[in-house]
Structure formats: structure tokens, C-alpha cells
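File shown here: work06.cif, holding mmCIF, C-alpha atoms.
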data_protein
loop_
_atom_site.label_atom_id
_atom_site.label_comp_id
_atom_site.auth_asym_id
_atom_site.auth_seq_id
_atom_site.Cartn_x
_atom_site.Cartn_y
_atom_site.Cartn_z
CA MET L 1314 -7.50 -0.29 -4.61
CA LEU L 1315 -10.18 1.72 -6.40
CA ASN L 1316 -8.67 3.95 -9.08
CA ILE L 1317 -10.44 7.32 -8.78
CA ASN L 1318 -9.12 8.44 -12.16
CA GLU L 1319 -11.01 5.58 -13.85
CA ILE L 1320 -14.32 6.03 -12.01
CA SER L 1321 -16.58 8.91 -12.99
CA ASP L 1322 -19.55 7.70 -10.92
CA TYR L 1323 -19.89 5.09 -8.17
CA ARG L 1324 -22.74 3.54 -10.16
CA ASP L 1325 -20.19 2.52 -12.80
CA LEU L 1326 -18.89 -0.02 -10.27
CA LEU L 1327 -22.38 -1.43 -9.80
CA LYS L 1328 -22.94 -1.54 -13.56
CA ASN L 1329 -19.63 -3.35 -14.08
CA TYR L 1330 -20.57 -5.84 -11.37
CA TYR L 1331 -23.95 -6.49 -13.00
CA THR L 1332 -22.39 -6.92 -16.45
CA GLN L 1333 -19.80 -9.39 -15.15
CA ARG L 1334 -22.40 -11.39 -13.23
CA LYS L 1335 -24.59 -11.48 -16.35
CA LEU L 1336 -21.68 -12.87 -18.37
CA ASP L 1337 -20.97 -15.50 -15.73
CA MET L 1338 -24.64 -16.36 -15.22
CA PRO L 1339 -26.99 -15.38 -18.09
CA LEU L 1340 -30.06 -15.70 -15.85
CA TYR L 1341 -28.77 -13.03 -13.46
CA SER L 1342 -31.30 -10.18 -13.36
CA TYR L 1343 -32.01 -6.68 -12.04
CA LYS L 1344 -34.38 -8.36 -9.58
CA MET L 1345 -31.66 -10.62 -8.20
CA MET L 1346 -29.22 -7.75 -7.78
CA GLY L 1347 -31.94 -5.52 -6.33
CA GLN L 1348 -32.70 -8.13 -3.67
CA LYS L 1349 -29.07 -7.93 -2.51
CA LEU L 1350 -29.36 -4.15 -2.17
CA GLY L 1351 -32.90 -3.94 -0.79
CA LEU L 1352 -34.25 -2.38 -3.99
CA GLU L 1353 -37.20 -3.06 -6.26
CA THR L 1354 -36.41 -4.24 -9.80
CA SER L 1355 -37.35 -0.86 -11.29
CA GLN L 1356 -35.18 0.96 -8.75
CA MET L 1357 -32.22 -1.28 -9.56
CA PHE L 1358 -32.65 -0.57 -13.28
CA ARG L 1359 -32.74 3.20 -12.66
CA VAL L 1360 -29.66 3.11 -10.42
CA LEU L 1361 -27.61 1.24 -13.02
CA ASN L 1362 -28.76 3.70 -15.69
CA LYS L 1363 -27.86 6.66 -13.44
CA ASP L 1364 -31.43 7.94 -13.15
CA LEU L 1365 -31.49 7.23 -9.41
CA HIS L 1366 -29.02 7.14 -6.53
CA LEU L 1367 -28.64 4.39 -3.95
CA PRO L 1368 -30.58 5.15 -0.76
CA SER L 1369 -28.43 5.41 2.36
CA ARG L 1370 -29.65 2.05 3.67
CA SER L 1371 -28.29 0.32 0.54
CA ILE L 1372 -24.74 1.69 0.74
CA PRO L 1373 -23.42 -0.89 3.29
CA LEU L 1374 -25.12 -3.62 1.23
CA ALA L 1375 -23.44 -2.32 -1.94
CA LYS L 1376 -20.04 -2.37 -0.23
CA ASN L 1377 -20.62 -5.99 0.78
CA LEU L 1378 -21.80 -6.90 -2.72
CA LEU L 1379 -18.71 -5.33 -4.32
CA ASP L 1380 -16.44 -6.68 -1.55
CA LEU L 1381 -15.14 -3.21 -0.73
CA LYS L 1382 -13.42 -3.21 2.66
CA GLY L 1383 -11.19 -0.82 4.56
CA ARG L 1384 -10.06 2.16 2.49
CA ASN L 1385 -11.87 0.88 -0.61
CA GLY L 1386 -15.10 1.05 1.38
CA GLU L 1387 -14.28 4.59 2.52
CA ILE L 1388 -13.52 5.66 -1.06
CA PHE L 1389 -16.82 4.18 -2.25
CA GLU L 1390 -18.79 6.14 0.36
CA ILE L 1391 -17.00 9.35 -0.61
CA LEU L 1392 -17.76 8.70 -4.28
CA VAL L 1393 -21.43 8.22 -3.41
CA ALA L 1394 -21.47 11.54 -1.55
CA ALA L 1395 -19.64 13.27 -4.42
CA SER L 1396 -22.11 11.97 -6.99
CA LYS L 1397 -25.10 13.09 -4.92
CA THR L 1398 -23.95 16.63 -4.13
CA LYS L 1399 -24.94 19.48 -6.43
CA SER L 1400 -22.21 21.80 -5.17
CA PRO L 1401 -19.17 21.84 -7.52
CA ALA L 1402 -16.92 23.02 -4.68
CA LYS L 1403 -18.07 20.23 -2.36
CA LYS L 1404 -17.81 17.67 -5.16
CA ASP L 1405 -14.22 18.74 -5.84
CA LYS L 1406 -13.38 18.54 -2.13
CA LEU L 1407 -14.85 15.04 -1.86
CA TYR L 1408 -12.93 13.79 -4.89
CA LYS L 1409 -9.72 15.16 -3.36
CA MET L 1410 -10.54 13.26 -0.16
CA ALA L 1411 -10.99 10.07 -2.19
CA LEU L 1412 -7.71 10.64 -4.02
CA SER L 1413 -5.89 11.11 -0.70
CA LEU L 1414 -6.96 7.61 0.34
CA GLN L 1415 -5.39 5.97 -2.71
CA ASP L 1416 -2.08 4.15 -2.50
CA VAL L 1417 1.07 5.64 -3.93
CA ASP L 1418 2.08 4.13 -7.27
CA LEU L 1419 3.99 0.90 -6.79
CA ARG L 1420 6.32 -0.81 -9.20
CA LYS L 1421 6.46 -4.61 -9.31
CA PHE L 1422 9.79 -6.38 -9.21
CA SER L 1423 10.90 -8.58 -12.06
CA ALA L 1424 12.82 -11.68 -11.01
CA SER L 1425 16.20 -10.11 -11.78
CA GLU L 1426 15.40 -7.05 -9.69
CA TYR L 1427 15.60 -9.10 -6.52
CA LEU L 1428 19.31 -8.42 -6.73
CA PHE L 1429 18.24 -5.00 -5.48
CA LEU L 1430 17.35 -6.64 -2.15
CA SER L 1431 20.35 -8.94 -1.94
CA LYS L 1432 22.32 -6.46 0.22
CA TRP L 1433 20.74 -3.91 2.54
CA TRP L 1434 23.05 -1.13 1.38
CA ILE L 1435 22.06 -1.34 -2.31
CA PRO L 1436 18.67 0.42 -1.77
CA VAL L 1437 20.50 2.86 0.53
CA VAL L 1438 23.02 3.74 -2.20
CA ARG L 1439 20.11 4.32 -4.62
CA ALA L 1440 18.47 6.67 -2.10
CA LEU L 1441 21.73 8.53 -1.45
CA ILE L 1442 22.42 9.06 -5.16
CA GLU L 1443 18.98 10.61 -5.43
CA MET L 1444 19.54 12.81 -2.36
CA ASN L 1445 22.96 13.85 -3.68
CA GLY L 1446 21.40 15.21 -6.84
CA GLY L 1447 22.50 12.27 -8.96
CA HIS L 1448 26.16 12.35 -7.86
CA ALA L 1449 27.72 8.98 -7.02
CA GLU L 1450 31.27 9.55 -5.80
CA VAL L 1451 32.16 6.32 -4.00
CA SER L 1452 34.26 7.92 -1.26
CA ARG L 1453 31.46 10.35 -0.45
CA LEU L 1454 28.81 7.63 -0.35
CA VAL L 1455 30.91 5.51 2.03
CA LYS L 1456 31.03 8.39 4.52
CA GLN L 1457 27.25 8.86 4.34
CA ILE L 1458 26.20 5.25 4.98
CA SER L 1459 25.66 3.84 8.47
CA PRO L 1460 26.65 1.25 9.61
CA THR L 1461 29.96 1.34 7.76
CA VAL L 1462 30.35 -0.35 4.37
CA SER L 1463 33.43 -0.58 2.13
CA GLU L 1464 34.14 1.22 -1.13
CA ASP L 1465 33.98 -2.14 -2.94
CA GLN L 1466 30.50 -2.74 -1.55
CA VAL L 1467 29.37 0.68 -2.78
CA ARG L 1468 30.87 0.03 -6.23
CA GLU L 1469 29.02 -3.29 -6.32
CA ALA L 1470 25.78 -1.50 -5.41
CA ILE L 1471 26.25 1.07 -8.18
CA LYS L 1472 26.87 -1.73 -10.71
CA VAL L 1473 23.70 -3.56 -9.63
CA LEU L 1474 21.67 -0.34 -9.84
CA LYS L 1475 23.03 0.39 -13.33
CA ASP L 1476 22.44 -3.19 -14.54
CA LEU L 1477 18.85 -3.06 -13.31
CA LYS L 1478 18.39 0.43 -14.78
CA LEU L 1479 17.42 1.76 -11.36
CA ILE L 1480 19.93 4.51 -12.09
CA THR L 1481 20.80 5.80 -15.58
CA GLN L 1482 24.02 7.57 -16.54
CA LEU L 1483 23.59 11.17 -17.68
CA ALA L 1484 25.99 13.17 -19.85
CA SER L 1485 26.94 15.32 -16.86
CA GLU L 1486 28.50 12.35 -15.00
CA ARG L 1487 25.47 12.20 -12.77
CA TYR L 1488 22.67 9.63 -12.63
CA ALA L 1489 18.93 9.81 -13.07
CA VAL L 1490 17.16 7.71 -10.42
CA THR L 1491 13.94 5.76 -11.02
CA THR L 1492 10.99 5.38 -8.65
CA ALA L 1493 11.70 3.92 -5.20
CA ASN L 1494 8.34 2.33 -4.30
CA PHE L 1495 8.13 -1.41 -4.90
CA THR L 1496 5.83 -4.32 -4.23
CA SER L 1497 6.26 -8.03 -4.80
CA ALA L 1498 4.17 -11.08 -5.38
CA GLY L 1499 4.17 -14.71 -5.33
CA SER L 1500 6.84 -17.31 -6.01
CA ALA L 1501 8.85 -19.15 -3.37
CA ALA L 1502 12.08 -17.62 -4.70
CA LYS L 1503 10.68 -14.11 -4.43
CA THR L 1504 9.33 -14.79 -0.96
CA ALA L 1505 12.76 -16.06 0.12
CA ALA L 1506 14.43 -12.92 -1.27
CA ILE L 1507 12.03 -10.66 0.61
CA ARG L 1508 12.52 -12.61 3.85
CA SER L 1509 16.29 -12.43 3.50
CA TYR L 1510 16.11 -8.67 3.04
CA GLN L 1511 13.77 -8.27 6.00
CA ASN L 1512 16.14 -10.30 8.17
CA GLN L 1513 18.92 -7.89 7.25
CA LEU L 1514 16.71 -4.96 8.25
CA LEU L 1515 15.83 -6.54 11.60
CA SER L 1516 19.53 -7.03 12.24
CA LEU L 1517 20.15 -3.34 11.43
CA ALA L 1518 17.40 -2.36 13.87
CA GLN L 1519 19.03 -4.46 16.57
CA ASN L 1520 22.37 -2.82 15.84
CA ALA L 1521 20.78 0.65 15.98
CA LEU L 1522 19.64 0.03 19.57
CA VAL L 1523 23.23 0.35 20.72
CA SER L 1524 24.94 2.29 17.93
CA VAL L 1525 22.45 5.14 17.32
CA GLU L 1526 21.54 7.63 20.02
CA PRO L 1527 17.83 7.63 21.00
CA ALA L 1528 17.31 11.18 19.69
CA LYS L 1529 18.07 9.94 16.17
CA ARG L 1530 15.95 6.80 16.18
CA ASN L 1531 12.61 5.52 17.41
CA ILE L 1532 12.44 1.84 18.37
CA SER L 1533 9.67 0.71 20.69
CA SER L 1534 7.48 -2.30 21.32
CA LEU L 1535 4.05 -3.23 22.69
CA LEU L 1536 2.76 -6.52 24.05
CA VAL L 1537 -1.02 -6.60 23.65
CA GLY L 1538 -3.83 -9.09 24.10
CA VAL L 1539 -6.17 -9.35 21.10
CA ASP L 1540 -9.03 -11.39 19.67
CA ASP L 1541 -9.54 -12.18 15.97
CA GLU L 1542 -11.45 -8.96 15.30
CA CYS L 1543 -8.85 -6.81 17.05
CA PHE L 1544 -6.05 -8.62 15.22
CA ALA L 1545 -7.68 -7.83 11.88
CA ASP L 1546 -8.11 -4.17 12.89
CA LEU L 1547 -4.49 -3.83 14.05
CA ASN L 1548 -3.25 -5.46 10.87
CA GLU L 1549 -5.30 -2.98 8.81
CA MET L 1550 -4.03 -0.09 10.95
CA THR L 1551 -0.43 -1.21 10.33
CA LEU L 1552 -1.05 -1.29 6.58
CA GLU L 1553 -2.72 2.10 6.75
CA PHE L 1554 0.21 3.59 8.67
CA ARG L 1555 2.59 2.18 6.06
CA ARG L 1556 0.52 3.82 3.33
CA GLN L 1557 0.49 7.14 5.21
CA VAL L 1558 4.29 6.97 5.54
CA GLN L 1559 4.59 6.44 1.77
CA LYS L 1560 2.22 9.35 1.13
CA ARG L 1561 4.10 11.67 3.48
CA VAL L 1562 7.50 10.72 2.09
CA SER L 1563 6.29 11.37 -1.46
CA GLU L 1564 5.75 15.02 -0.45
CA VAL L 1565 9.39 15.56 0.57
CA LYS L 1566 11.04 17.94 -1.91
CA LYS L 1567 14.70 17.53 -0.86
CA ALA L 1568 15.52 14.60 1.42
CA ASP L 1569 18.74 14.71 3.47
CA LYS L 1570 18.37 11.44 5.43
CA ALA L 1571 17.46 7.86 4.54
CA MET L 1572 15.46 6.23 7.34
CA GLN L 1573 14.52 2.55 7.39
CA PHE L 1574 11.12 1.49 8.74
CA VAL L 1575 10.65 -2.08 9.96
CA PHE L 1576 7.06 -3.14 10.65
CA ALA L 1577 6.87 -6.14 12.97
CA PHE L 1578 3.58 -7.52 14.26
CA TYR L 1579 3.76 -11.16 15.32
CA PRO L 1580 2.31 -13.65 17.85
CA VAL L 1581 4.15 -14.73 21.00
CA ALA L 1582 1.31 -16.70 22.62
CA ASP L 1583 -2.01 -18.26 21.56
CA ILE L 1584 -4.65 -19.99 23.70
CA SER L 1585 -7.38 -20.13 21.03
CA SER L 1586 -6.74 -23.81 20.24
CA ILE L 1587 -6.40 -24.91 23.87
CA ASP L 1588 -9.33 -26.21 25.88
CA PRO L 1589 -10.46 -23.66 28.45
CA VAL L 1590 -9.52 -24.22 32.08
CA LYS L 1591 -12.34 -25.95 33.89
CA LYS L 1592 -13.56 -24.32 37.04
CA GLU L 1593 -13.17 -26.43 40.13
CA GLU L 1594 -16.40 -27.45 41.80
#

How does this structure look as C-alpha cells?
Amino acid sequence: MLNINEISDYRDLLKNYYTQRKLDMPLYSYKMMGQKLGLETSQMFRVLNKDLHLPSRSIPLAKNLLDLKGRNGEIFEILVAASKTKSPAKKDKLYKMALSLQDVDLRKFSASEYLFLSKWWIPVVRALIEMNGGHAEVSRLVKQISPTVSEDQVREAIKVLKDLKLITQLASERYAVTTANFTSAGSAAKTAAIRSYQNQLLSLAQNALVSVEPAKRNISSLLVGVDDECFADLNEMTLEFRRQVQKRVSEVKKADKAMQFVFAFYPVADISSIDPVKKEE
């Protein structure tokens, strides 16, 4: 994701690209880059030195060159417009638009922090401690969690959160709570931990179908026919919705409920690898 705070001008991205290509291939030239963007050599030189802006016809080519897709592509176009405008008010508005498209800050898990995902109620206890103003009375937490968990399970959760420094004891017998947004990457062990946690969440969703009244939940499904292009679009839309949820939640000043989202988008049939049915003569 493009970091707006580190980019003063969209042409910095082009300059960085040129510099990196030059390091990788010393013979790389303004002419070669200009050909990719439909520009003369002199025009390319002036763009990289901020004496000239990209013409409109070159913007899609620049996005392809920099491999900027989805929201990154949108941010790039907004940065181009912001750099070209002479109105301070409009420039400020455009930069705010670009900032609104950025992801919320995410924290990466260390290996030990996968304990956080070992039981579904551990993240819930963390959220409740935050909502309760840092208070962590076990008996109170048990009453607030659904479906029901035991006091021992809540005590275990508090211990895990303290060990991982996801909550920190304060002098007032309350806890300070760290950020709640996480991402993960890579290894088989980490993938297995994530899948285990997601299986728990799917089981909770199934339980909620019968144990939670419809007015207090929203569980629905769609069966749709797609092609590769539509699949890619729907996948991007799902990711965008997830980002919008994170953005909206970050604006909540005093939460009083913990809601669990489960995003599920998976195939149930595929004819793409099967020979088409031949028409009878």
C-alpha cells in the first residue's frame, strides 16, 4: 500500500522506479522509460525532474509500469491530481481522499503471539478489557462473553494476554490494552494456526444461527456464477469491504459490543477444466 506520508509528489515514485531500474540494469535510459509511458526522452527527463507533469494518456501506462492496482492505482491517480492542482484547498481535499484509501496500521504476529489465536475467547477477552476501561474482573467477563466460557478459561486468557504483553498491568489494578489489528505471513505453522482459529470462528457462526436472534446478527449467503475476471473483482471487493470495516471500527470512541466478522468466499463448482458439451448434429 502506498504510504501517503512518505510521498510528497507522485513523480517521486517514477524517479524511484527509474533509479532502481538503473541500478539493476546500467544501460536503462530515459528513452527506454519514456517509451513505456509514451513520452519523448526530453519529456521523460523533465517529468522525473519535476519540471513537467505526466499527460493524462500516460497515467494508465504509469500505473502499469509501477504495478499499481486496485486502491494503489486510485491513490496514484489522486496524487497526480493533487500535484497538478494550484488550489491549496483542492490539494488538501485530494490528499485527504488519498489518506482515506490507506489501510489501517497492522501489527505482525511473532511466532509466540499465535497463542493469541489458540482459543477464540482470548481475543474476545482482550476486546472486553478494552471496552471495560481496562477492568478485568473474571466474574464480570464471564457474564459478558457469548457463548458461555468458564472462569478458568477467562483466567487463562488473561495470563496469555499478559505474557504476550497485549495487556499491561497499571498501578490502578486496571490494564492498558495494545492495538487490536493484526496480520500474518508465511510459514506452515503460522498458516495452520490461522486456519485453526478460522475454523473456530466458522463454528461460532454456525452456533449463532440457532442461539442468537436474527435482530442481533447478520448471516447470509449468495451462490453466484462468475468468470476469472469477476472472481478477481469480487475478491478485491471483499478485501475492500474488510478494509472499510477496519476503518469504520477505528472511529468508534466507546465500544459496547464485540462482533466477529467471518469472510467466506469459496468455490462449490468449476467447469473451466472440463471439455465443453458437444452439440448434437

- Query: If we count all atoms listed in the file, what is near L:Pro1460 at a cut-off of 10 Å, once residues fewer than 6 positions away on the same chain are taken out, given as number ranges by chain?
  - Reply: L: 1434, 1517, 1520-1521, 1524-1525

- Would you mind reading off the distance between atom CA of L:Leu1352 and atom CA of L:Lys1406, one decimal, in Å?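 Separating atom CA of L:Leu1352 from atom CA of L:Lys1406 is a distance of 29.6 Å.
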
- Item | Result set of the PyMOL selection byres ((chain L and resi 1553) around 12) on the coordinates above, as a ChimeraX atom specification | /L:1383-1385,1414-1417,1546-1552,1554-1560,1576

- Message: To test your reading of the syntax: which residues would the PyMOL selection byres ((chain L and resi 1447-1455) around 7) return for the file shown? Reply as a count of residues only.
- Response: 15

For the structure shown, which residues end up in the PyMOL selection byres ((chain L and resi 1330-1335) around 12)? Put them as a PDB file with C-alpha atoms, keeping the file's coordinate frame, please?
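Produced file expr.pdb, reproduced below:
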ATOM      1  CA  TYR L1323     -19.890   5.090  -8.170  1.00  0.00           C
ATOM      2  CA  ARG L1324     -22.740   3.540 -10.160  1.00  0.00           C
ATOM      3  CA  ASP L1325     -20.190   2.520 -12.800  1.00  0.00           C
ATOM      4  CA  LEU L1326     -18.890  -0.020 -10.270  1.00  0.00           C
ATOM      5  CA  LEU L1327     -22.380  -1.430  -9.800  1.00  0.00           C
ATOM      6  CA  LYS L1328     -22.940  -1.540 -13.560  1.00  0.00           C
ATOM      7  CA  ASN L1329     -19.630  -3.350 -14.080  1.00  0.00           C
ATOM      8  CA  LEU L1336     -21.680 -12.870 -18.370  1.00  0.00           C
ATOM      9  CA  ASP L1337     -20.970 -15.500 -15.730  1.00  0.00           C
ATOM     10  CA  MET L1338     -24.640 -16.360 -15.220  1.00  0.00           C
ATOM     11  CA  PRO L1339     -26.990 -15.380 -18.090  1.00  0.00           C
ATOM     12  CA  LEU L1340     -30.060 -15.700 -15.850  1.00  0.00           C
ATOM     13  CA  TYR L1341     -28.770 -13.030 -13.460  1.00  0.00           C
ATOM     14  CA  SER L1342     -31.300 -10.180 -13.360  1.00  0.00           C
ATOM     15  CA  TYR L1343     -32.010  -6.680 -12.040  1.00  0.00           C
ATOM     16  CA  LYS L1344     -34.380  -8.360  -9.580  1.00  0.00           C
ATOM     17  CA  MET L1345     -31.660 -10.620  -8.200  1.00  0.00           C
ATOM     18  CA  MET L1346     -29.220  -7.750  -7.780  1.00  0.00           C
ATOM     19  CA  GLY L1347     -31.940  -5.520  -6.330  1.00  0.00           C
ATOM     20  CA  LYS L1349     -29.070  -7.930  -2.510  1.00  0.00           C
ATOM     21  CA  MET L1357     -32.220  -1.280  -9.560  1.00  0.00           C
ATOM     22  CA  PHE L1358     -32.650  -0.570 -13.280  1.00  0.00           C
ATOM     23  CA  VAL L1360     -29.660   3.110 -10.420  1.00  0.00           C
ATOM     24  CA  LEU L1361     -27.610   1.240 -13.020  1.00  0.00           C
ATOM     25  CA  ASN L1362     -28.760   3.700 -15.690  1.00  0.00           C
ATOM     26  CA  ALA L1375     -23.440  -2.320  -1.940  1.00  0.00           C
ATOM     27  CA  LYS L1376     -20.040  -2.370  -0.230  1.00  0.00           C
ATOM     28  CA  LEU L1378     -21.800  -6.900  -2.720  1.00  0.00           C
ATOM     29  CA  LEU L1379     -18.710  -5.330  -4.320  1.00  0.00           C
ATOM     30  CA  ASP L1380     -16.440  -6.680  -1.550  1.00  0.00           C
TER      31      ASP L1380
END

- Message: Between atom CA of L:Trp1433 and atom CA of L:Arg1561, what is the distance in Å, rounded to a tenth?
- Response: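 One can read the atom CA of L:Trp1433 to atom CA of L:Arg1561 distance as 22.8 Å.
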
- Task: Please determine the residues with any atom at most 12 Å from (-21.9, 12.2, -5.5) (coordinates as given in the file, with only C-alpha atoms counting) and report them as an MDAnalysis selection string.
- Result: chainID L and resid 1320:1324 1363 1365:1367 1388:1408 1411

- Message: Could you check the closest approach to L:Leu1515 for each of L:Thr1354, L:Gln1573, L:Ser1586, L:Ser1371 and tell me which residue wins, using all atoms listed in the file?
- Response: L:Gln1573

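Our summary of the geometry notes that atom CA of L:Met1444 is positioned 15.9 Å from atom CA of L:Ala1470.
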
- Message: Here is a test: counting all atoms listed in the file, which residue of L:Leu1374, L:Val1562, L:Leu1514, L:Leu1350 is nearest to L:Val1437?
- Response: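 Closest to L:Val1437, using all atoms listed in the file: L:Leu1514.
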